[in-house]
Amino acid sequence: HHATTKRTMQPGTLALRDYFPIWKAEGMGADPGRPNYGKLMTIDTDNDAHSIFFDDNISYTNARIVDVRDIRFPQQVLGIFWLLECHLVPAEAFAAVTEKMYFFDHVKRLSAAYDRRHRVLAHFRASVMNVMQRLESN
């Protein structure tokens with residue numbers, strides 16, 4: 001995770017290829033409740049780095065081709081709705097080619113949601129700390 005993050009913190013593009021034989025043998029990500037052996041995407045929700053993945057095999061109900069893991073909880077399968085809000089885009093090939101702002105618009109939308117998520121999380125953590133401090137002082 002850390003080596004990939006270091007490499008991608010500079011402007012650029014990273015292309016990943018899945019290992020099709022194992023992905024196919026494991027069901028091609030048909031069961032969203034178990035590892036899908038697709039392209040690994042690691043995220044760190046305590047880090048400011050925002051990872052985004054476009055793929056035409058992602059659906060609105062299942063990441064299928066992408067196996068997203070939070071480095072703090074690598075065994076936990078992350079929910080598709082949580083991922084779609086900030087990290088995954090079910091790519092539409094025709095729109096990606098014909099709409100000039102296709103990628104920009106998706107990155108802008110996901111970035112705004114990611115910023116919102118971090119603000120809410122920071123507020124929640126501050127509230128919990130406030131409650132903990134009050135409990136300790138009593």
# chains A, B, ... in the order shown; residues from 1 in each chain; ligands from 1
>>> residues_around(residues="Ile22 (chain A)", least_positions_apart="3", cutoff="12 Å", atoms="only C-alpha atoms", output="JSON, numbers by chain")
{"A": [18, 19, 25, 26, 27, 28, 29, 35, 36, 37, 38, 39, 65]}
>>> closest_atom_pairs(of="region 14-96 of chain A", to="region 114-119 of chain A", cutoff="9 Å", atoms="only C-alpha atoms", output="Markdown table")
| residue | atom | partner | partner_atom | distance |
| --- | --- | --- | --- | --- |
| A:Thr45 | CA | A:His118 | CA | 8.5 |
| A:Asp46 | CA | A:His118 | CA | 8.9 |
| A:Asp48 | CA | A:His118 | CA | 8.8 |
| A:His50 | CA | A:Tyr114 | CA | 7.6 |
| A:Glu85 | CA | A:Tyr114 | CA | 7.7 |
| A:Cys86 | CA | A:Tyr114 | CA | 5.3 |
| A:His87 | CA | A:Tyr114 | CA | 8.2 |
>>> select_by_dssp(residues="chain A", states="alpha helix (DSSP H)", output="ChimeraX atom specification")
/A:2-8,20-25,80-86,93-98,102-137
>>> closest_residue(among="A:Val66, A:Ala113, A:Asp105, A:Lys24", to="Trp82 (chain A)", atoms="only C-alpha atoms")
A:Ala113
>>> atom_distance(atom1="CA of Pro90 (chain A)", atom2="CA of Val77 (chain A)")
18.2 Å
>>> residues_around(residues="region 1-9 of chain A", least_positions_apart="6", cutoff="9 Å", atoms="only C-alpha atoms", output="PyMOL selection string")
chain A and resi 41-44+49+51+71
>>> residues_around(residues="Thr61 (chain A)", least_positions_apart="6", cutoff="9 Å", atoms="only C-alpha atoms", output="ChimeraX atom specification")
/A:32,80-81
>>> closest_residue(among="A:Val120, A:His106, A:Phe53, A:Lys100", to="Leu16 (chain A)", atoms="only C-alpha atoms")
A:Phe53
>>> closest_residue(among="A:Trp23, A:Phe73, A:Phe103, A:Phe124", to="Ala91 (chain A)", atoms="only C-alpha atoms")
A:Phe103
>>> closest_residue(among="A:Leu110, A:Gly33, A:Tyr60, A:Ala15", to="Leu78 (chain A)", atoms="only C-alpha atoms")
A:Gly33
